[in-house]
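Next comes query.cif, with mmCIF, C-alpha atoms and all ligand atoms.
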```cif
data_work
#
loop_
_atom_site.label_atom_id
_atom_site.label_comp_id
_atom_site.auth_asym_id
_atom_site.auth_seq_id
_atom_site.Cartn_x
_atom_site.Cartn_y
_atom_site.Cartn_z
CA MET U 165 -23.54 -4.15 7.03
CA LYS U 166 -20.15 -4.30 5.35
CA ILE U 167 -17.90 -1.34 6.03
CA THR U 168 -14.76 0.18 4.49
CA ILE U 169 -11.51 -0.38 6.35
CA ALA U 170 -8.45 1.80 5.69
CA ILE U 171 -5.05 0.56 6.86
CA ASP U 172 -2.14 2.98 6.48
CA GLY U 173 1.41 3.06 7.73
CA PRO U 174 5.07 3.33 6.76
CA ALA U 175 7.01 0.85 4.61
CA ALA U 176 7.14 -2.73 5.89
CA SER U 177 4.81 -2.05 8.80
CA GLY U 178 2.87 -5.22 7.93
CA LYS U 179 -0.06 -3.42 6.25
CA SER U 180 -0.55 -5.73 3.28
CA THR U 181 -0.23 -9.03 5.14
CA THR U 182 -2.50 -7.74 7.88
CA ALA U 183 -5.03 -6.31 5.41
CA ALA U 184 -5.15 -9.61 3.47
CA GLN U 185 -5.83 -11.61 6.64
CA VAL U 186 -8.43 -9.16 7.93
CA ALA U 187 -10.21 -9.33 4.55
CA ARG U 188 -10.22 -13.11 4.64
CA ALA U 189 -11.55 -13.22 8.21
CA LEU U 190 -14.41 -10.84 7.40
CA GLY U 191 -15.19 -12.10 3.87
CA TYR U 192 -14.12 -8.73 2.43
CA SER U 193 -11.87 -7.90 -0.54
CA HIS U 194 -8.31 -6.73 -0.03
CA LEU U 195 -7.18 -3.77 -2.11
CA ASN U 196 -3.41 -3.32 -1.98
CA SER U 197 -2.87 0.22 -3.27
CA GLY U 198 0.94 -0.09 -3.20
CA LEU U 199 0.70 -2.73 -5.94
CA LEU U 200 -0.89 -0.18 -8.29
CA TYR U 201 1.95 2.30 -7.70
CA ARG U 202 4.38 -0.55 -8.21
CA ALA U 203 2.67 -1.60 -11.47
CA ILE U 204 3.02 1.91 -12.92
CA THR U 205 6.64 2.12 -11.70
CA TRP U 206 7.41 -1.27 -13.20
CA ALA U 207 6.01 -0.21 -16.58
CA ALA U 208 7.93 3.09 -16.48
CA VAL U 209 11.25 1.38 -15.66
CA GLU U 210 10.79 -1.63 -17.95
CA ARG U 211 9.71 0.52 -20.89
CA ASP U 212 12.09 3.34 -20.18
CA TRP U 213 9.47 6.09 -20.04
CA PRO U 214 10.69 9.68 -20.37
CA LEU U 215 10.76 11.41 -16.99
CA ASP U 216 9.64 14.88 -18.12
CA GLU U 217 6.06 15.53 -17.03
CA GLU U 218 4.51 15.75 -20.47
CA GLY U 219 6.21 12.65 -21.88
CA PHE U 220 5.61 10.62 -18.73
CA ASP U 221 1.95 11.59 -18.43
CA ARG U 222 1.32 10.73 -22.08
CA ARG U 223 2.72 7.22 -21.57
CA LEU U 224 0.67 6.89 -18.39
CA GLY U 225 -2.47 7.93 -20.24
CA ASN U 226 -1.90 5.14 -22.76
CA LEU U 227 -1.24 2.49 -20.11
CA ASP U 228 -3.96 -0.12 -19.69
CA LEU U 229 -4.05 -0.67 -15.91
CA SER U 230 -6.78 -2.79 -14.37
CA LEU U 231 -7.71 -4.87 -11.34
CA GLU U 232 -8.99 -8.41 -11.64
CA PRO U 233 -10.66 -10.13 -8.65
CA ALA U 234 -8.52 -13.02 -7.34
CA GLY U 235 -9.47 -14.88 -4.16
CA PHE U 236 -10.01 -12.34 -1.39
CA GLY U 237 -8.05 -9.71 -3.30
CA PHE U 238 -7.18 -8.42 -6.73
CA ARG U 239 -4.47 -8.97 -9.29
CA VAL U 240 -3.05 -5.93 -11.05
CA LEU U 241 -2.90 -6.25 -14.82
CA VAL U 242 -0.68 -4.09 -17.00
CA ASP U 243 -1.82 -4.28 -20.61
CA GLY U 244 -3.72 -7.43 -19.64
CA THR U 245 -0.75 -9.20 -18.01
CA ASP U 246 0.20 -9.65 -14.34
CA PRO U 247 3.86 -8.52 -13.92
CA GLY U 248 4.13 -10.93 -10.94
CA VAL U 249 7.19 -10.75 -8.69
CA SER U 250 8.69 -7.92 -10.79
CA LEU U 251 6.32 -5.65 -8.85
CA VAL U 252 8.38 -6.17 -5.70
CA SER U 253 11.83 -6.39 -7.31
CA PRO U 254 14.60 -4.11 -5.95
CA ALA U 255 14.55 -2.15 -9.26
CA THR U 256 10.84 -1.35 -8.86
CA SER U 257 11.15 -0.66 -5.10
CA ALA U 258 14.03 1.76 -5.69
CA MET U 259 11.90 3.96 -7.99
CA VAL U 260 8.39 3.58 -6.56
CA SER U 261 8.48 6.47 -4.05
CA GLU U 262 9.59 8.93 -6.72
CA ILE U 263 7.07 7.75 -9.31
CA SER U 264 4.18 7.62 -6.84
CA ALA U 265 4.75 11.28 -5.88
CA ARG U 266 3.65 12.41 -9.38
CA PRO U 267 0.18 14.02 -9.36
CA ALA U 268 -0.98 12.21 -12.54
CA VAL U 269 0.02 8.86 -11.04
CA ARG U 270 -1.90 9.57 -7.83
CA GLU U 271 -4.98 10.62 -9.76
CA ARG U 272 -4.93 7.46 -11.86
CA VAL U 273 -4.61 5.17 -8.84
CA LEU U 274 -7.22 7.13 -6.88
CA HIS U 275 -9.83 6.58 -9.61
CA LEU U 276 -9.16 2.85 -9.76
CA LEU U 277 -9.38 2.49 -5.98
CA GLU U 278 -12.56 4.53 -5.75
CA ARG U 279 -14.17 2.46 -8.50
CA GLU U 280 -13.25 -0.89 -6.93
CA GLY U 281 -13.69 0.00 -3.28
CA GLY U 282 -16.46 2.57 -3.28
CA ARG U 283 -19.21 0.09 -2.39
CA GLY U 284 -17.72 -1.03 0.94
CA GLY U 285 -16.69 -4.54 2.01
CA VAL U 286 -13.03 -3.71 1.34
CA VAL U 287 -9.86 -3.55 3.35
CA CYS U 288 -7.59 -1.10 1.54
CA ASP U 289 -3.98 -0.56 2.61
CA GLY U 290 -1.49 2.16 1.68
CA ARG U 291 -0.24 5.57 2.80
CA ASP U 292 -3.17 7.91 2.13
CA ILE U 293 -6.21 5.63 2.31
CA GLY U 294 -7.74 7.11 5.48
CA THR U 295 -6.83 10.69 4.51
CA VAL U 296 -7.46 10.91 0.74
CA VAL U 297 -8.82 7.73 -0.88
CA PHE U 298 -11.54 6.72 1.60
CA PRO U 299 -11.75 9.64 4.06
CA THR U 300 -15.19 8.47 5.24
CA ALA U 301 -14.07 4.87 5.95
CA GLU U 302 -15.84 3.55 9.05
CA LEU U 303 -12.61 2.09 10.42
CA LYS U 304 -9.14 3.58 9.99
CA VAL U 305 -6.02 1.96 11.38
CA PHE U 306 -2.48 3.37 11.31
CA LEU U 307 0.15 0.67 11.82
CA VAL U 308 3.57 1.61 13.17
CA ALA U 309 6.62 -0.37 14.32
CA SER U 310 10.23 0.59 14.99
CA PRO U 311 12.43 0.84 11.84
CA GLU U 312 14.65 -1.98 13.15
CA GLU U 313 11.70 -4.33 13.68
CA ARG U 314 10.27 -3.48 10.26
CA ALA U 315 13.70 -4.09 8.70
CA ARG U 316 14.00 -7.44 10.51
CA ARG U 317 10.57 -8.56 9.25
CA ARG U 318 11.31 -7.43 5.69
CA LEU U 319 14.64 -9.35 5.64
CA LEU U 320 13.04 -12.53 7.01
CA GLU U 321 10.29 -12.23 4.40
CA GLN U 322 13.01 -12.14 1.70
CA GLY U 323 14.82 -15.13 3.23
CA ILE U 324 17.81 -12.96 4.28
CA ASP U 325 19.59 -13.52 7.61
CA PRO U 326 18.74 -10.47 9.80
CA THR U 327 22.25 -9.81 11.06
CA THR U 328 22.85 -6.56 13.00
CA GLU U 329 24.53 -5.03 9.95
CA ALA U 330 21.79 -6.14 7.51
CA VAL U 331 19.08 -4.79 9.83
CA ARG U 332 20.90 -1.45 10.16
CA GLU U 333 21.18 -1.06 6.37
CA GLU U 334 17.58 -2.07 5.66
CA ALA U 335 16.27 0.19 8.47
CA ALA U 336 18.12 3.12 6.89
CA ARG U 337 16.55 2.33 3.47
CA LEU U 338 13.07 2.10 4.99
CA SER U 339 13.50 5.33 6.94
CA ALA U 340 14.63 7.14 3.77
CA ARG U 341 11.50 5.92 1.93
CA ASP U 342 9.28 7.00 4.87
CA THR U 343 10.84 10.46 4.91
CA PHE U 344 10.21 10.83 1.17
CA ASP U 345 6.64 9.46 1.39
CA SER U 346 5.81 11.75 4.36
CA GLY U 347 7.38 14.85 2.85
CA ARG U 348 5.83 14.86 -0.62
CA ALA U 349 3.34 17.56 -1.59
CA VAL U 350 0.52 15.30 -2.81
CA ALA U 351 -1.19 12.84 -0.44
CA PRO U 352 1.74 12.34 1.95
CA LEU U 353 1.99 9.45 4.41
CA ARG U 354 0.05 10.78 7.39
CA ARG U 355 -2.16 9.38 10.13
CA ALA U 356 -5.79 10.48 9.72
CA ALA U 357 -7.04 12.36 12.78
CA ASP U 358 -9.66 9.65 13.40
CA ALA U 359 -7.35 6.65 12.80
CA ILE U 360 -6.52 4.20 15.56
CA GLU U 361 -2.75 3.84 15.89
CA LEU U 362 -1.42 0.34 16.58
CA ASP U 363 2.25 -0.06 17.46
CA THR U 364 3.03 -3.62 16.38
CA THR U 365 6.72 -3.66 17.39
CA GLU U 366 5.97 -6.13 20.19
CA MET U 367 2.85 -7.73 18.73
CA GLY U 368 2.52 -11.00 16.82
CA ALA U 369 0.89 -10.91 13.36
CA SER U 370 -2.23 -12.80 14.46
CA GLU U 371 -2.71 -10.49 17.45
CA VAL U 372 -2.73 -7.46 15.12
CA VAL U 373 -5.28 -9.15 12.83
CA GLN U 374 -7.49 -10.09 15.80
CA ARG U 375 -7.48 -6.52 17.11
CA ILE U 376 -8.56 -5.10 13.76
CA VAL U 377 -11.20 -7.78 13.17
CA SER U 378 -12.72 -7.06 16.62
CA LEU U 379 -12.79 -3.33 15.89
CA ALA U 380 -14.38 -4.02 12.48
CA LEU U 381 -17.11 -6.26 13.91
CA ALA U 382 -17.98 -3.57 16.47
CA ARG U 383 -18.21 -0.93 13.70
CA GLU U 384 -20.23 -3.26 11.44
CA SER U 385 -22.87 -3.71 14.10
CA ARG U 386 -22.99 0.03 14.73
CA VAL U 387 -23.73 0.91 11.07
CA SER U 388 -26.24 -1.89 10.33
O1 LIG X 401 3.18 -0.46 0.37
P1 LIG X 401 4.32 -0.55 -0.66
O2 LIG X 401 5.69 -0.61 -0.05
O3 LIG X 401 4.08 -1.62 -1.68
O4 LIG X 401 4.22 0.84 -1.42
C1 LIG X 401 5.16 1.18 -2.40
C2 LIG X 401 5.27 2.67 -2.56
O5 LIG X 401 4.06 3.18 -3.11
C3 LIG X 401 5.55 3.48 -1.31
O6 LIG X 401 6.91 3.78 -1.17
C4 LIG X 401 4.77 4.74 -1.48
C5 LIG X 401 3.74 4.41 -2.53
N1 LIG X 401 2.37 4.36 -2.03
C6 LIG X 401 1.73 5.57 -1.91
O7 LIG X 401 2.33 6.61 -2.16
N2 LIG X 401 0.43 5.62 -1.53
C7 LIG X 401 -0.23 4.49 -1.24
N3 LIG X 401 -1.53 4.55 -0.88
C8 LIG X 401 0.43 3.23 -1.33
C9 LIG X 401 1.75 3.20 -1.72
#
```
Starting from the file, lay out its structure as structure tokens.
Ligand code: DC
Amino acid sequence: MKITIAIDGPAASGKSTTAAQVARALGYSHLNSGLLYRAITWAAVERDWPLDEEGFDRRLGNLDLSLEPAGFGFRVLVDGTDPGVSLVSPATSAMVSEISARPAVRERVLHLLEREGGRGGVVCDGRDIGTVVFPTAELKVFLVASPEERARRRLLEQGIDPTTEAVREEAARLSARDTFDSGRAVAPLRRAADAIELDTTEMGASEVVQRIVSLALARESRVS
């Protein structure tokens, strides 16, 4: 039987890439929750939403946000259109932690994730998937890696030379985002008590995927 897999962890810990590959290997769907927070943030920045709670929440209420199946995952549509690479632009990334800490934003994303992922057969990645979104997921994984290694991977992904200085700066940015995400009042970044922690600092990407796929196959056979 297909199960629900929750993958959480700090920024640039390899959650989304890993989740996408695990979904593909198992024939599951990948739900990238960060993209939903990014889509709302993108709309708020692009359209210059007011930041007071009432004004912001009204604009959020009027936003048409949906998920469309695409391959082994989903595309996020804002008013029917995929914002594409703008979702991962520096302008969006700079604001996403702050916007995603708003209770109305969390509630909106939670409903979408529950609707799409509630039937199982999904690999969902984020910060609060094992604790808040799918607390009864059969498999929960918490990915960690040193800030320097995460910074190095992020820079390589962006085609930037990971010099000592560049790694130091990016590691500081990532650590600041982690501190904010872990310290917020609503659904903070936290390892679920029953999550398996994998430190990937010294692991290759395919090794991480293999480990999770093996764990998933064992859980699948247990619940069938
Ligand atoms: O995974 P990511 O870097 O795309 O996530 C972007 C931001 O969204 C991250 O800084 C915190 C927020 N986020 C969250 O609060 N809860 C989630 N489940 C996923 C992301």
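If you look at atom CA of U:Arg341 and atom CA of U:Ser261, they are 6.7 Å away from each other.
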Produce a table with one row for each residue of chain U that has an atom at most 6 Å from any atom of ligand LIG 401 (chain X), each row naming the nearest atom pair and its distance in Å at one decimal; use only C-alpha atoms and all ligand atoms; arrange rows by chain and rising residue number; format as JSON lines.
```
{"residue": "U:Ala175", "atom": "CA", "partner": "X:LIG401", "partner_atom": "O2", "distance": 5.1}
{"residue": "U:Ser197", "atom": "CA", "partner": "X:LIG401", "partner_atom": "C8", "distance": 4.9}
{"residue": "U:Gly198", "atom": "CA", "partner": "X:LIG401", "partner_atom": "C9", "distance": 3.7}
{"residue": "U:Leu199", "atom": "CA", "partner": "X:LIG401", "partner_atom": "O3", "distance": 5.6}
{"residue": "U:Tyr201", "atom": "CA", "partner": "X:LIG401", "partner_atom": "O5", "distance": 5.1}
{"residue": "U:Val260", "atom": "CA", "partner": "X:LIG401", "partner_atom": "C2", "distance": 5.2}
{"residue": "U:Ser261", "atom": "CA", "partner": "X:LIG401", "partner_atom": "O6", "distance": 4.2}
{"residue": "U:Ser264", "atom": "CA", "partner": "X:LIG401", "partner_atom": "O7", "distance": 5.1}
{"residue": "U:Gly290", "atom": "CA", "partner": "X:LIG401", "partner_atom": "N3", "distance": 3.5}
{"residue": "U:Arg291", "atom": "CA", "partner": "X:LIG401", "partner_atom": "N3", "distance": 4.0}
{"residue": "U:Asp292", "atom": "CA", "partner": "X:LIG401", "partner_atom": "N3", "distance": 4.8}
{"residue": "U:Ile293", "atom": "CA", "partner": "X:LIG401", "partner_atom": "N3", "distance": 5.8}
{"residue": "U:Arg341", "atom": "CA", "partner": "X:LIG401", "partner_atom": "O6", "distance": 5.9}
{"residue": "U:Asp345", "atom": "CA", "partner": "X:LIG401", "partner_atom": "C4", "distance": 5.8}
```
When you look at U:Asp358 with a cut-off of 12 Å (counting all atoms listed in the file), what residues show up, excluding the ones that are within fewer than 5 positions of it in the same chain? I need them as number ranges by chain. U: 170, 294-295, 299-306
Let's have the selection written as an mmCIF file, in the coordinates of the input, with C-alpha atoms.
```
data_model
loop_
_atom_site.group_PDB
_atom_site.id
_atom_site.type_symbol
_atom_site.label_atom_id
_atom_site.label_comp_id
_atom_site.auth_asym_id
_atom_site.auth_seq_id
_atom_site.Cartn_x
_atom_site.Cartn_y
_atom_site.Cartn_z
ATOM 1 C CA ALA U 170 -8.450 1.800 5.690
ATOM 2 C CA GLY U 294 -7.740 7.110 5.480
ATOM 3 C CA THR U 295 -6.830 10.690 4.510
ATOM 4 C CA PRO U 299 -11.750 9.640 4.060
ATOM 5 C CA THR U 300 -15.190 8.470 5.240
ATOM 6 C CA ALA U 301 -14.070 4.870 5.950
ATOM 7 C CA GLU U 302 -15.840 3.550 9.050
ATOM 8 C CA LEU U 303 -12.610 2.090 10.420
ATOM 9 C CA LYS U 304 -9.140 3.580 9.990
ATOM 10 C CA VAL U 305 -6.020 1.960 11.380
ATOM 11 C CA PHE U 306 -2.480 3.370 11.310
#
```
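Taking atom CA of U:Ser253 and atom CA of U:Ala176 as endpoints, the distance between them is 14.5 Å.
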As a check of understanding: the span from atom CA of U:Leu381 to atom CA of U:Thr365 is 24.2 Å
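Compared by their closest atoms to U:Ser250, and using only C-alpha atoms, the residues U:Val209, U:Ala369, U:Leu190, U:Ile324 rank with U:Val209 nearest.
If you count only C-alpha atoms and draw a sphere of 12 Å around (-15.3, -1.7, 17.0), the protein and nucleic acid residues inside it come out as U:Ile167, U:Ile169, U:Glu302, U:Leu303, U:Lys304, U:Val305, U:Ile360, U:Gln374, U:Arg375, U:Ile376, U:Val377, U:Ser378, U:Leu379, U:Ala380, U:Leu381, U:Ala382, U:Arg383, U:Glu384, U:Ser385, U:Arg386, U:Val387.
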Please provide as a PyMOL selection string all residues within 10 Å of U:Arg270, with the sequence filter that same-chain residues fewer than 6 positions apart are discarded (counting only C-alpha atoms). chain U and resi 200-201+263-264+297+350-351
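Closest approach to U:Arg279 among U:Ser339, U:Thr327, U:Ser230, U:Ser310: U:Ser230, based on all atoms listed in the file.
Among the candidates U:Trp206, U:Phe344, U:Phe236, U:Tyr192, the one nearest to U:Ala255 when counting only C-alpha atoms is U:Trp206.
Of the listed residues (U:Gly282, U:Gly178, U:Pro326, U:Val242), U:Val242 comes nearest to U:Arg202; the distances count only C-alpha atoms.
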Write out as a count of residues only each polymer residue whose atoms come within 12 Å of U:Ala335, counting all atoms listed in the file; drop sequence neighbours fewer than 4 positions from it. 25
From the set U:Ala189, U:Ala336, U:Ala184, U:Leu215, which residue has the shortest atom-to-atom contact distance to U:Ala234, counting all atoms listed in the file? U:Ala184
